[in-house]
file coords00.txt (compact mmCIF, C-alpha atoms and all ligand atoms)
# COMPACT_ATOMS: atom_id res chain seq x y z
CA MET A 593 29.10 -178.57 80.55
CA VAL A 594 28.09 -176.96 77.26
CA GLU A 595 30.85 -175.56 75.19
CA ILE A 596 30.33 -172.63 72.86
CA ASN A 597 32.60 -172.69 69.86
CA PRO A 598 32.82 -169.42 67.95
CA TRP A 599 34.15 -171.18 64.85
CA ALA A 600 31.66 -174.07 64.61
CA SER A 601 29.69 -174.10 61.39
CA GLN A 602 26.58 -175.55 62.97
CA GLN A 603 25.44 -175.44 66.51
CA SER A 604 22.17 -175.65 68.29
CA LEU A 605 22.27 -174.07 71.66
CA ASP A 606 19.84 -174.50 74.47
CA ILE A 607 19.34 -170.86 75.38
CA ASP A 608 18.01 -171.37 78.89
CA ARG A 609 20.83 -173.67 79.85
CA LEU A 610 23.31 -171.34 78.31
CA PHE A 611 22.02 -168.44 80.32
CA SER A 612 22.07 -170.27 83.62
CA GLU A 613 25.40 -171.98 83.08
CA PHE A 614 27.27 -168.97 81.79
CA GLY A 615 25.56 -166.23 83.74
CA ILE A 616 24.07 -164.36 80.79
CA GLU A 617 21.08 -162.34 81.93
CA PRO A 618 17.75 -162.05 80.11
CA ILE A 619 17.36 -158.70 78.32
CA GLY A 620 13.98 -158.13 79.99
CA ASN A 621 15.63 -156.93 83.17
CA VAL A 622 17.10 -153.78 81.59
CA LEU A 623 14.18 -152.62 79.47
CA ASP A 624 12.74 -150.43 82.23
CA ILE A 625 15.92 -148.37 82.35
CA LEU A 626 15.98 -147.53 78.63
CA PRO A 627 14.15 -144.35 77.62
CA GLU A 628 13.32 -145.97 74.27
CA VAL A 629 13.20 -149.73 73.73
CA PRO A 630 14.42 -150.62 70.22
CA SER A 631 12.42 -153.08 68.17
CA PHE A 632 15.23 -155.66 68.22
CA MET A 633 14.72 -155.91 71.97
CA LYS A 634 10.91 -155.74 71.84
CA ARG A 635 10.72 -158.43 69.18
CA GLY A 636 12.82 -160.97 71.04
CA ILE A 637 15.85 -160.77 68.73
CA VAL A 638 18.26 -159.48 71.35
CA ILE A 639 17.58 -161.83 74.21
CA GLY A 640 20.44 -161.62 76.68
CA HIS A 641 23.23 -159.49 78.05
CA ARG A 642 26.15 -159.18 80.39
CA ASP A 643 26.37 -156.03 82.46
CA TYR A 644 24.14 -154.05 80.10
CA THR A 645 22.58 -152.28 83.08
CA GLN A 646 25.52 -149.88 83.09
CA ILE A 647 25.03 -149.14 79.38
CA ALA A 648 21.27 -148.59 79.79
CA GLY A 649 22.13 -146.25 82.67
CA CYS A 650 24.56 -144.29 80.45
CA ILE A 651 21.89 -143.98 77.75
CA ARG A 652 19.30 -142.80 80.25
CA ASP A 653 21.65 -140.37 82.01
CA ARG A 654 23.36 -139.24 78.79
CA LYS A 655 26.76 -140.33 80.06
CA PRO A 656 29.56 -141.38 77.71
CA PHE A 657 29.83 -144.97 76.57
CA HIS A 658 31.37 -146.82 73.65
CA ILE A 659 29.87 -149.31 71.24
CA LEU A 660 32.09 -151.70 69.34
CA THR A 661 31.59 -154.73 67.21
CA GLY A 662 33.56 -156.61 64.60
CA PHE A 663 33.08 -158.43 61.32
CA MET A 664 35.19 -161.20 59.92
CA PRO A 665 35.70 -160.47 56.20
CA SER A 666 35.70 -164.05 54.96
CA GLY A 667 32.82 -163.46 52.53
CA HIS A 668 30.41 -160.79 51.28
CA PRO A 669 28.21 -159.14 53.91
CA HIS A 670 24.62 -160.40 53.73
CA LEU A 671 21.25 -160.38 55.50
CA GLY A 672 22.73 -162.32 58.41
CA HIS A 673 24.97 -159.39 59.36
CA LEU A 674 22.28 -156.75 59.34
CA MET A 675 21.08 -157.23 62.89
CA VAL A 676 24.31 -156.44 64.60
CA MET A 677 24.87 -153.51 62.24
CA LYS A 678 21.52 -152.04 63.21
CA GLU A 679 22.33 -152.53 66.87
CA VAL A 680 25.52 -150.54 66.45
CA VAL A 681 23.79 -147.74 64.58
CA TRP A 682 21.06 -147.56 67.23
CA HIS A 683 23.60 -147.31 70.06
CA VAL A 684 25.51 -144.58 68.24
CA ARG A 685 22.24 -142.65 67.94
CA GLN A 686 21.74 -143.12 71.68
CA GLY A 687 25.02 -141.32 72.32
CA GLY A 688 27.62 -144.10 72.08
CA THR A 689 31.01 -143.55 70.48
CA GLY A 690 31.02 -146.00 67.57
CA TYR A 691 33.83 -148.41 66.69
CA ILE A 692 33.97 -151.09 64.02
CA THR A 693 36.78 -153.58 63.63
CA ILE A 694 37.31 -155.59 60.48
CA ALA A 695 38.74 -158.86 61.75
CA ASP A 696 41.04 -159.59 58.85
CA ARG A 697 43.60 -161.25 61.12
CA GLU A 698 40.94 -163.73 62.21
CA ALA A 699 39.70 -164.32 58.65
CA HIS A 700 43.26 -164.93 57.47
CA ALA A 701 44.26 -167.16 60.39
CA VAL A 702 41.05 -169.14 60.82
CA ARG A 703 39.39 -169.10 57.39
CA ASP A 704 42.51 -168.78 55.27
CA THR A 705 41.10 -165.76 53.45
CA SER A 706 43.73 -163.94 51.37
CA TRP A 707 44.65 -160.41 52.42
CA GLU A 708 43.34 -159.16 49.11
CA LYS A 709 39.92 -160.70 49.70
CA CYS A 710 39.94 -159.50 53.31
CA SER A 711 40.38 -155.99 52.04
CA GLU A 712 37.68 -156.30 49.39
CA TYR A 713 35.08 -157.83 51.73
CA GLY A 714 36.09 -155.56 54.60
CA LYS A 715 35.28 -152.49 52.52
CA GLU A 716 31.88 -153.95 51.66
CA TYR A 717 31.09 -154.37 55.35
CA LEU A 718 32.04 -150.77 56.00
CA ALA A 719 29.91 -149.60 53.07
CA CYS A 720 26.90 -151.44 54.56
CA LEU A 721 27.48 -149.87 57.94
CA TYR A 722 27.74 -146.36 56.57
CA ALA A 723 24.72 -146.99 54.38
CA LEU A 724 22.76 -147.87 57.51
CA GLY A 725 23.83 -144.62 59.16
CA PHE A 726 26.91 -145.62 61.15
CA GLU A 727 29.09 -142.82 62.48
CA GLY A 728 32.36 -143.42 64.24
CA LYS A 729 35.75 -145.03 63.82
CA THR A 730 36.62 -148.10 61.81
CA TYR A 731 39.81 -150.07 61.33
CA PHE A 732 41.27 -153.28 59.92
CA GLN A 733 43.00 -155.34 62.62
CA SER A 734 46.09 -155.95 60.50
CA ARG A 735 46.66 -152.26 59.90
CA ASN A 736 46.25 -150.94 63.43
CA ASP A 737 49.56 -150.85 65.31
CA ARG A 738 48.12 -149.56 68.57
CA LEU A 739 45.67 -152.41 68.54
CA LYS A 740 48.46 -154.90 68.04
CA ASP A 741 50.41 -153.38 70.94
CA LEU A 742 47.33 -153.64 73.11
CA ALA A 743 46.88 -157.26 72.04
CA PHE A 744 50.42 -157.97 73.18
CA GLU A 745 49.74 -156.34 76.54
CA CYS A 746 46.58 -158.46 76.88
CA SER A 747 48.48 -161.60 75.96
CA THR A 748 50.56 -161.27 79.13
CA LYS A 749 47.40 -162.06 81.12
CA VAL A 750 46.24 -165.17 79.26
CA ASN A 751 47.81 -168.60 79.37
CA TYR A 752 47.29 -171.72 77.34
CA SER A 753 45.12 -173.56 79.90
CA GLU A 754 42.66 -170.71 79.82
CA LEU A 755 42.41 -170.87 76.02
CA GLN A 756 42.00 -174.60 76.26
CA ALA A 757 39.21 -174.29 78.82
CA ILE A 758 37.36 -171.54 76.97
CA TYR A 759 37.80 -172.59 73.33
CA GLY A 760 38.86 -176.21 73.51
CA PHE A 761 42.19 -175.34 71.87
CA SER A 762 44.59 -178.23 71.54
CA SER A 763 48.22 -178.79 70.71
CA GLU A 764 47.15 -178.69 67.03
CA THR A 765 45.79 -175.14 67.25
CA SER A 766 47.91 -172.70 65.29
CA LEU A 767 49.54 -169.78 67.00
CA GLY A 768 47.84 -167.52 64.44
CA HIS A 769 44.45 -168.69 65.63
CA MET A 770 45.44 -167.88 69.20
CA LEU A 771 46.74 -164.49 68.10
CA SER A 772 43.43 -163.75 66.43
CA VAL A 773 41.72 -164.45 69.77
CA ILE A 774 43.92 -162.03 71.69
CA THR A 775 43.45 -159.51 68.89
CA GLN A 776 39.70 -159.71 69.45
CA VAL A 777 40.24 -159.17 73.17
CA ALA A 778 42.23 -156.05 72.26
CA ASP A 779 39.46 -154.97 69.84
CA ILE A 780 36.94 -155.01 72.64
CA LEU A 781 39.13 -152.92 74.92
CA TYR A 782 40.43 -150.65 72.16
CA PRO A 783 37.82 -147.85 72.43
CA GLN A 784 38.84 -147.31 76.05
CA VAL A 785 42.46 -146.85 74.99
CA ASP A 786 41.74 -144.86 71.83
CA SER A 787 39.22 -142.53 73.51
CA TYR A 788 39.02 -142.87 77.31
CA PRO A 789 37.86 -145.50 79.80
CA ALA A 790 34.06 -145.82 79.67
CA PRO A 791 31.51 -148.63 79.70
CA THR A 792 31.62 -150.37 76.33
CA VAL A 793 28.91 -152.53 74.83
CA VAL A 794 29.67 -155.25 72.32
CA PRO A 795 26.61 -156.55 70.46
CA VAL A 796 27.24 -160.08 69.24
CA GLY A 797 25.62 -163.41 68.50
CA ILE A 798 25.71 -165.90 71.32
CA ASP A 799 28.57 -167.79 69.68
CA GLN A 800 30.89 -164.90 70.54
CA ASP A 801 30.33 -165.09 74.27
CA PRO A 802 33.62 -166.92 74.96
CA HIS A 803 35.49 -163.85 73.68
CA ILE A 804 33.44 -161.61 75.94
CA ARG A 805 34.18 -163.76 78.99
CA LEU A 806 37.86 -163.86 78.21
CA THR A 807 37.99 -160.09 77.67
CA ARG A 808 36.15 -159.32 80.89
CA GLY A 809 38.77 -161.37 82.71
CA VAL A 810 41.66 -159.63 80.96
CA ALA A 811 40.15 -156.18 81.61
CA HIS A 812 40.04 -157.02 85.29
CA LYS A 813 43.56 -158.42 85.36
CA LEU A 814 44.97 -155.32 83.70
CA ARG A 815 43.57 -153.06 86.42
CA MET A 816 45.97 -151.79 89.11
CA PHE A 817 43.30 -151.66 91.78
CA THR A 818 40.04 -153.21 92.86
CA VAL A 819 37.42 -151.11 94.59
CA GLU A 820 35.01 -152.84 96.94
CA ASP A 821 32.05 -151.56 98.89
CA ARG A 822 32.35 -153.07 102.35
CA GLY A 823 29.22 -151.44 103.79
CA ASP A 824 30.77 -149.10 106.33
CA HIS A 825 33.80 -148.31 104.17
CA ILE A 826 35.22 -148.59 100.68
CA SER A 827 38.30 -150.72 100.29
CA VAL A 828 40.76 -149.89 97.51
CA ARG A 829 43.14 -152.77 97.00
CA SER A 830 46.29 -152.75 94.98
CA LYS A 831 46.68 -155.72 92.67
CA ASN A 832 49.84 -154.62 90.98
CA ALA A 833 49.88 -150.86 91.45
CA PRO A 834 53.17 -149.10 92.04
CA PRO A 835 53.43 -148.04 95.72
CA GLU A 836 53.24 -144.37 94.71
CA ALA A 837 49.86 -144.96 93.10
CA LEU A 838 48.45 -146.41 96.31
CA GLU A 839 49.89 -143.42 98.14
CA ALA A 840 48.17 -141.12 95.63
CA VAL A 841 44.80 -142.74 96.38
CA HIS A 842 45.43 -142.29 100.08
CA ALA A 843 46.34 -138.61 99.54
CA ARG A 844 43.12 -137.96 97.59
CA TYR A 845 41.02 -138.95 100.62
CA PRO A 846 42.04 -137.13 103.76
CA GLY A 847 41.08 -139.27 106.75
CA SER A 848 41.45 -142.53 104.79
CA ARG A 849 43.64 -145.25 106.25
CA LYS A 850 46.49 -146.83 104.42
CA TYR A 851 47.52 -150.40 105.14
CA GLU A 852 49.86 -152.84 103.48
CA GLY A 853 48.41 -153.06 99.97
CA HIS A 854 45.11 -151.30 100.57
CA VAL A 855 43.45 -148.05 101.54
CA ASP A 856 40.16 -147.89 103.47
CA ILE A 857 37.94 -144.90 102.82
CA GLN A 858 34.94 -143.80 104.86
CA GLY A 859 32.21 -141.32 104.06
CA SER A 860 32.49 -141.44 100.26
CA ALA A 861 30.27 -143.01 97.64
CA CYS A 862 31.63 -146.10 95.92
CA ALA A 863 31.03 -144.72 92.43
CA ASP A 864 33.00 -141.63 93.38
CA VAL A 865 35.92 -143.59 94.72
CA SER A 866 35.91 -145.82 91.62
CA ALA A 867 36.15 -142.78 89.37
CA THR A 868 38.99 -141.27 91.40
CA VAL A 869 40.90 -144.54 91.52
CA ARG A 870 40.54 -144.84 87.75
CA GLN A 871 42.04 -141.37 87.32
CA VAL A 872 44.96 -142.24 89.59
CA GLU A 873 45.49 -145.45 87.65
CA LEU A 874 45.59 -143.55 84.35
CA SER A 875 48.04 -141.00 85.71
CA PHE A 876 50.39 -143.85 86.61
CA GLY A 877 50.25 -145.35 83.16
CA GLY A 878 47.49 -147.91 83.83
CA PHE A 879 44.43 -148.63 81.69
CA GLY A 880 41.56 -148.04 84.11
CA PHE A 881 39.34 -150.39 82.09
CA PHE A 882 35.65 -150.87 82.64
CA ALA A 883 34.76 -154.53 82.09
CA PRO A 884 32.95 -154.62 78.74
CA SER A 885 29.23 -155.30 78.48
CA SER A 886 27.56 -157.34 75.78
CA THR A 887 24.22 -158.08 74.21
CA TYR A 888 23.32 -161.39 72.57
CA HIS A 889 20.99 -161.75 69.64
CA VAL A 890 19.50 -164.90 68.18
CA PHE A 891 20.41 -165.74 64.62
CA ILE A 892 18.09 -165.22 61.71
CA PRO A 893 17.50 -168.63 60.10
CA GLY A 894 18.65 -169.33 56.56
CA LEU A 895 16.07 -168.97 53.80
CA GLN A 896 15.96 -172.75 53.54
CA GLY A 897 15.90 -173.26 57.31
CA GLY A 898 19.13 -174.11 59.12
CA LYS A 899 21.99 -171.70 59.25
CA MET A 900 22.27 -168.46 57.29
CA SER A 901 25.79 -168.29 55.98
CA SER A 902 27.66 -167.10 52.92
CA SER A 903 29.01 -170.63 52.54
CA ILE A 904 25.44 -171.78 51.73
CA PRO A 905 24.46 -169.41 48.89
CA GLU A 906 20.72 -170.34 48.91
CA SER A 907 20.50 -169.53 52.62
CA THR A 908 21.05 -165.82 52.29
CA ILE A 909 21.06 -162.75 50.11
CA SER A 910 23.98 -160.41 49.73
CA PHE A 911 23.54 -156.86 48.58
CA ALA A 912 25.33 -157.18 45.29
CA GLU A 913 23.07 -159.92 43.93
CA PRO A 914 20.97 -159.17 40.82
CA ASP A 915 17.23 -158.58 41.29
CA GLU A 916 16.17 -161.86 39.66
CA VAL A 917 18.39 -163.84 42.01
CA VAL A 918 17.03 -162.02 45.04
CA ARG A 919 13.44 -162.71 43.97
CA LYS A 920 14.19 -166.32 43.14
CA LYS A 921 15.79 -166.97 46.51
CA VAL A 922 12.81 -165.55 48.38
CA MET A 923 10.33 -167.46 46.21
CA ALA A 924 12.26 -170.70 46.87
CA ALA A 925 12.42 -170.21 50.62
CA LEU A 926 11.15 -172.68 53.16
CA THR A 927 7.98 -171.48 54.89
CA GLY A 928 5.86 -172.37 57.85
CA GLY A 929 3.01 -173.45 55.55
CA ARG A 930 1.08 -176.74 55.66
CA ALA A 931 1.23 -179.64 53.22
CA THR A 932 -1.81 -178.58 51.22
CA LEU A 933 -3.69 -175.35 50.63
CA ALA A 934 -6.83 -176.84 52.15
CA GLU A 935 -4.98 -177.80 55.29
CA GLN A 936 -3.45 -174.38 55.52
CA ARG A 937 -6.83 -172.64 55.15
CA GLU A 938 -8.15 -174.79 57.93
CA GLN A 939 -5.23 -174.84 60.39
CA GLY A 940 -3.34 -171.69 59.42
CA GLY A 941 0.42 -171.39 58.97
CA GLU A 942 3.12 -171.40 61.61
CA PRO A 943 4.82 -168.00 61.38
CA GLU A 944 7.23 -168.60 64.27
CA LYS A 945 8.71 -171.53 62.39
CA CYS A 946 8.87 -169.71 59.07
CA PRO A 947 12.21 -168.31 57.86
CA LEU A 948 10.37 -165.76 55.74
CA PHE A 949 8.21 -164.54 58.60
CA LEU A 950 11.36 -164.19 60.67
CA LEU A 951 13.02 -162.26 57.85
CA ASN A 952 10.06 -159.88 57.97
CA LEU A 953 10.27 -159.72 61.75
CA PHE A 954 14.02 -159.08 61.79
CA HIS A 955 14.28 -156.59 58.97
CA MET A 956 11.55 -156.12 56.43
CA VAL A 957 8.54 -154.90 58.40
CA GLU A 958 9.31 -152.01 60.70
CA ASP A 959 5.79 -151.17 61.76
CA ASP A 960 4.69 -153.30 64.74
CA ARG A 961 1.04 -153.29 63.76
CA GLU A 962 1.80 -154.35 60.21
CA LEU A 963 3.91 -157.22 61.53
CA GLU A 964 1.16 -158.33 63.90
CA GLU A 965 -1.32 -158.28 61.04
CA LEU A 966 0.99 -160.45 58.99
CA ARG A 967 1.33 -162.91 61.85
CA MET A 968 -2.43 -163.10 62.41
CA LYS A 969 -3.28 -163.48 58.74
CA CYS A 970 -0.80 -166.33 58.47
CA ARG A 971 -1.93 -168.05 61.62
CA SER A 972 -5.59 -167.81 60.75
CA GLY A 973 -5.14 -169.25 57.28
CA GLN A 974 -6.11 -166.08 55.43
CA LEU A 975 -2.69 -165.54 53.89
CA MET A 976 -1.19 -168.32 51.78
CA CYS A 977 2.54 -168.80 51.36
CA GLY A 978 2.60 -167.97 47.64
CA GLN A 979 1.09 -164.56 48.22
CA CYS A 980 3.23 -163.89 51.27
CA LYS A 981 6.39 -164.86 49.37
CA LYS A 982 5.54 -162.40 46.62
CA GLU A 983 4.96 -159.60 49.09
CA THR A 984 8.13 -160.46 51.00
CA ALA A 985 10.16 -160.60 47.79
CA ASP A 986 8.94 -157.08 46.95
CA ARG A 987 10.00 -155.85 50.37
CA VAL A 988 13.40 -157.53 50.15
CA LEU A 989 13.96 -156.18 46.66
CA SER A 990 13.21 -152.63 47.58
CA PHE A 991 15.41 -152.98 50.66
CA VAL A 992 18.33 -154.43 48.69
CA ARG A 993 18.00 -151.81 45.94
CA GLU A 994 18.04 -149.02 48.48
CA MET A 995 21.04 -150.59 50.23
CA ARG A 996 22.96 -150.77 46.97
CA GLU A 997 22.28 -147.12 46.21
CA LYS A 998 23.28 -146.01 49.66
CA MET A 999 26.38 -148.19 49.63
CA ALA A 1000 27.49 -146.56 46.39
CA ALA A 1001 26.84 -143.13 47.87
CA VAL A 1002 29.00 -143.68 50.98
CA GLU A 1003 32.05 -145.11 49.27
CA HIS A 1004 34.06 -141.95 49.94
CA LEU A 1005 33.72 -142.54 53.71
CA ILE A 1006 35.73 -145.74 53.58
CA GLU A 1007 39.36 -145.02 54.28
CA VAL A 1008 41.86 -147.81 54.20
N1 LIG A 1101 35.03 -162.97 65.85
C1 LIG A 1101 34.04 -162.12 65.24
C2 LIG A 1101 33.33 -162.95 64.13
O1 LIG A 1101 33.64 -164.09 63.92
C3 LIG A 1101 34.63 -160.89 64.65
C4 LIG A 1101 35.20 -159.95 65.68
C5 LIG A 1101 36.52 -159.58 65.76
C6 LIG A 1101 34.53 -159.25 66.71
N2 LIG A 1101 36.69 -158.68 66.76
C7 LIG A 1101 35.52 -158.47 67.35
C8 LIG A 1101 33.21 -159.23 67.16
C9 LIG A 1101 35.19 -157.68 68.44
C10 LIG A 1101 32.90 -158.42 68.23
C11 LIG A 1101 33.89 -157.65 68.87
O2 LIG A 1101 32.47 -162.46 63.47
call {"tool": "encode", "arguments": {"input": "coords00.txt", "output": "structure tokens", "more": "lines below"}}
Ligand code: TRP
result
Amino acid sequence: MVEINPWASQQSLDIDRLFSEFGIEPIGNVLDILPEVPSFMKRGIVIGHRDYTQIAGCIRDRKPFHILTGFMPSGHPHLGHLMVMKEVVWHVRQGGTGYITIADREAHAVRDTSWEKCSEYGKEYLACLYALGFEGKTYFQSRNDRLKDLAFECSTKVNYSELQAIYGFSSETSLGHMLSVITQVADILYPQVDSYPAPTVVPVGIDQDPHIRLTRGVAHKLRMFTVEDRGDHISVRSKNAPPEALEAVHARYPGSRKYEGHVDIQGSACADVSATVRQVELSFGGFGFFAPSSTYHVFIPGLQGGKMSSSIPESTISFAEPDEVVRKKVMAALTGGRATLAEQREQGGEPEKCPLFLLNLFHMVEDDRELEELRMKCRSGQLMCGQCKKETADRVLSFVREMREKMAAVEHLIEV
């Protein structure tokens, strides 16, 4: 059994095994539904999903959906956070209601970040998001009372053995750490409480999948009813609905049959019944949650190979760094080049193994043809690393400069 640990500093995950063991589906199976396939899906950055079919359907049919993700403010935002930010912005443009949570409770409980720093870094994350075109709601976990109430409600459905099984928590794990987990569960369900129940997509890195699994379970447990298509009829079962709510479902469908704990309905479409049951649930004070969907992206490697993280300064670039530092970091990056120039001319470079090529692929080269040209020139030995580094540094510099300007221009949007 593989275990995914959201707080591990280093982990190498076997993607195929992960998918088959945990039931994550390859992203390829939803691309046909989307009217426009974003480059992060085309380029193999977002590789998997849970239940994204319903989100793709909402995008195609212009139905309401929510998009939420969160950032832990334990350091400055940097290149490693850009992917998920772009995913959020894209989904908002596709019609999603946008939500961003700043996970200051998690940063404080797990990383020991002071509240002051949480606030400072949190604002920087929000500035980045707005600079990239985000529209929607944002909040800090610690300052959102409704979120905390929701977290408490969620906590009634999770016990210690489940946390142990999912996260490997032990008797040494602090209660604060556990609270930060249930707060994240509440984050993921929050848009459906703040706005209305609707499919919600949570773009994350694969390390966050345990939270998604836990939340999907909690969303299900907090429902009053289950609705099942039994072929010749739809069965609506009460899990913990008040008797009057079951009666209300029965009353909505003349000709339906009511039994002890369930109502059987004939001649109606399952989607229809689901929607009605959700309404009934809401009118009796329930949540009517849709189980959240997720997408999983691979991580951009650090500039020196390995992990990109703010705890390894040479591995990444944050937006506040001076130009010379940005250029220096790119020029010092690990590449997919060969040992000698002669060898490289003969055999070509290995772009897929090159952190700088991947930086271009993730963020710096938007045009597909331009990217393909870069890949071919590298592979065929026409483009040497020195030249490519210079060109990449120019791209990164103009990107970072633009980011800084935009971040300064959106400061007024950040309310705290
Ligand atoms: N745990 C996430 C991280 O380490 C942050 C986070 C908090 C989050 N709440 C969330 C991510 C909700 C996605 C959805 O970065």
call {"tool": "residues_near_ligand", "arguments": {"input": "coords00.txt", "ligand": "ligand LIG 1101 (chain A)", "cutoff": "10 Å", "atoms": "all atoms listed in the file", "output": "number ranges by chain"}}
result
A: 598-599, 659-666, 673, 676, 691-699, 702, 732-733, 772-782, 793-797, 799-801, 803-804, 807, 886
call {"tool": "atom_distance", "arguments": {"input": "coords00.txt", "atom1": "CA of Ala912 (chain A)", "atom2": "CA of Arg685 (chain A)"}}
result
27.1 Å
call {"tool": "closest_residue", "arguments": {"input": "coords00.txt", "among": "A:Gly940, A:Asp960, A:Glu965, A:Gly978", "to": "Ala925 (chain A)", "atoms": "all atoms listed in the file"}}
result
A:Gly978
call {"tool": "closest_residue", "arguments": {"input": "coords00.txt", "among": "A:Ser711, A:Asp986, A:Ala701, A:Pro947", "to": "Met900 (chain A)", "atoms": "all atoms listed in the file"}}
result
A:Pro947
call {"tool": "atom_distance", "arguments": {"input": "coords00.txt", "atom1": "CA of Ala1000 (chain A)", "atom2": "CA of Arg919 (chain A)"}}
result
21.5 Å
call {"tool": "build_atoms", "arguments": {"input": "coords00.txt", "residues": "region 958-970 of chain A", "atoms": "N, CA, C and O atoms", "output": "PDB file, in the coordinates of the input"}}
result
ATOM      1  N   GLU A 958       8.922-152.801  59.538  1.00  0.00           N
ATOM      2  CA  GLU A 958       9.310-152.010  60.700  1.00  0.00           C
ATOM      3  C   GLU A 958       8.130-151.707  61.608  1.00  0.00           C
ATOM      4  O   GLU A 958       8.264-151.627  62.823  1.00  0.00           O
ATOM      5  N   ASP A 959       6.956-151.564  60.993  1.00  0.00           N
ATOM      6  CA  ASP A 959       5.790-151.170  61.760  1.00  0.00           C
ATOM      7  C   ASP A 959       5.250-152.368  62.560  1.00  0.00           C
ATOM      8  O   ASP A 959       4.948-153.424  61.997  1.00  0.00           O
ATOM      9  N   ASP A 960       5.117-152.193  63.883  1.00  0.00           N
ATOM     10  CA  ASP A 960       4.690-153.300  64.740  1.00  0.00           C
ATOM     11  C   ASP A 960       3.285-153.802  64.387  1.00  0.00           C
ATOM     12  O   ASP A 960       3.012-154.995  64.420  1.00  0.00           O
ATOM     13  N   ARG A 961       2.414-152.863  64.062  1.00  0.00           N
ATOM     14  CA  ARG A 961       1.040-153.290  63.760  1.00  0.00           C
ATOM     15  C   ARG A 961       0.978-154.095  62.466  1.00  0.00           C
ATOM     16  O   ARG A 961       0.263-155.089  62.373  1.00  0.00           O
ATOM     17  N   GLU A 962       1.759-153.639  61.500  1.00  0.00           N
ATOM     18  CA  GLU A 962       1.800-154.350  60.210  1.00  0.00           C
ATOM     19  C   GLU A 962       2.323-155.779  60.415  1.00  0.00           C
ATOM     20  O   GLU A 962       1.815-156.740  59.837  1.00  0.00           O
ATOM     21  N   LEU A 963       3.339-155.902  61.276  1.00  0.00           N
ATOM     22  CA  LEU A 963       3.910-157.220  61.530  1.00  0.00           C
ATOM     23  C   LEU A 963       2.895-158.120  62.229  1.00  0.00           C
ATOM     24  O   LEU A 963       2.734-159.293  61.892  1.00  0.00           O
ATOM     25  N   GLU A 964       2.173-157.559  63.179  1.00  0.00           N
ATOM     26  CA  GLU A 964       1.160-158.330  63.900  1.00  0.00           C
ATOM     27  C   GLU A 964       0.071-158.803  62.950  1.00  0.00           C
ATOM     28  O   GLU A 964      -0.422-159.928  63.041  1.00  0.00           O
ATOM     29  N   GLU A 965      -0.297-157.936  62.012  1.00  0.00           N
ATOM     30  CA  GLU A 965      -1.320-158.280  61.040  1.00  0.00           C
ATOM     31  C   GLU A 965      -0.862-159.459  60.178  1.00  0.00           C
ATOM     32  O   GLU A 965      -1.625-160.388  59.917  1.00  0.00           O
ATOM     33  N   LEU A 966       0.406-159.381  59.796  1.00  0.00           N
ATOM     34  CA  LEU A 966       0.990-160.450  58.990  1.00  0.00           C
ATOM     35  C   LEU A 966       0.944-161.776  59.761  1.00  0.00           C
ATOM     36  O   LEU A 966       0.543-162.818  59.244  1.00  0.00           O
ATOM     37  N   ARG A 967       1.318-161.708  61.019  1.00  0.00           N
ATOM     38  CA  ARG A 967       1.330-162.910  61.850  1.00  0.00           C
ATOM     39  C   ARG A 967      -0.083-163.505  61.983  1.00  0.00           C
ATOM     40  O   ARG A 967      -0.287-164.699  61.812  1.00  0.00           O
ATOM     41  N   MET A 968      -1.054-162.633  62.224  1.00  0.00           N
ATOM     42  CA  MET A 968      -2.430-163.100  62.410  1.00  0.00           C
ATOM     43  C   MET A 968      -3.003-163.683  61.123  1.00  0.00           C
ATOM     44  O   MET A 968      -3.652-164.721  61.145  1.00  0.00           O
ATOM     45  N   LYS A 969      -2.748-162.999  60.018  1.00  0.00           N
ATOM     46  CA  LYS A 969      -3.280-163.480  58.740  1.00  0.00           C
ATOM     47  C   LYS A 969      -2.702-164.831  58.382  1.00  0.00           C
ATOM     48  O   LYS A 969      -3.375-165.667  57.779  1.00  0.00           O
ATOM     49  N   CYS A 970      -1.437-165.046  58.747  1.00  0.00           N
ATOM     50  CA  CYS A 970      -0.800-166.330  58.470  1.00  0.00           C
ATOM     51  C   CYS A 970      -1.399-167.390  59.369  1.00  0.00           C
ATOM     52  O   CYS A 970      -1.828-168.448  58.930  1.00  0.00           O
TER      53      CYS A 970
END
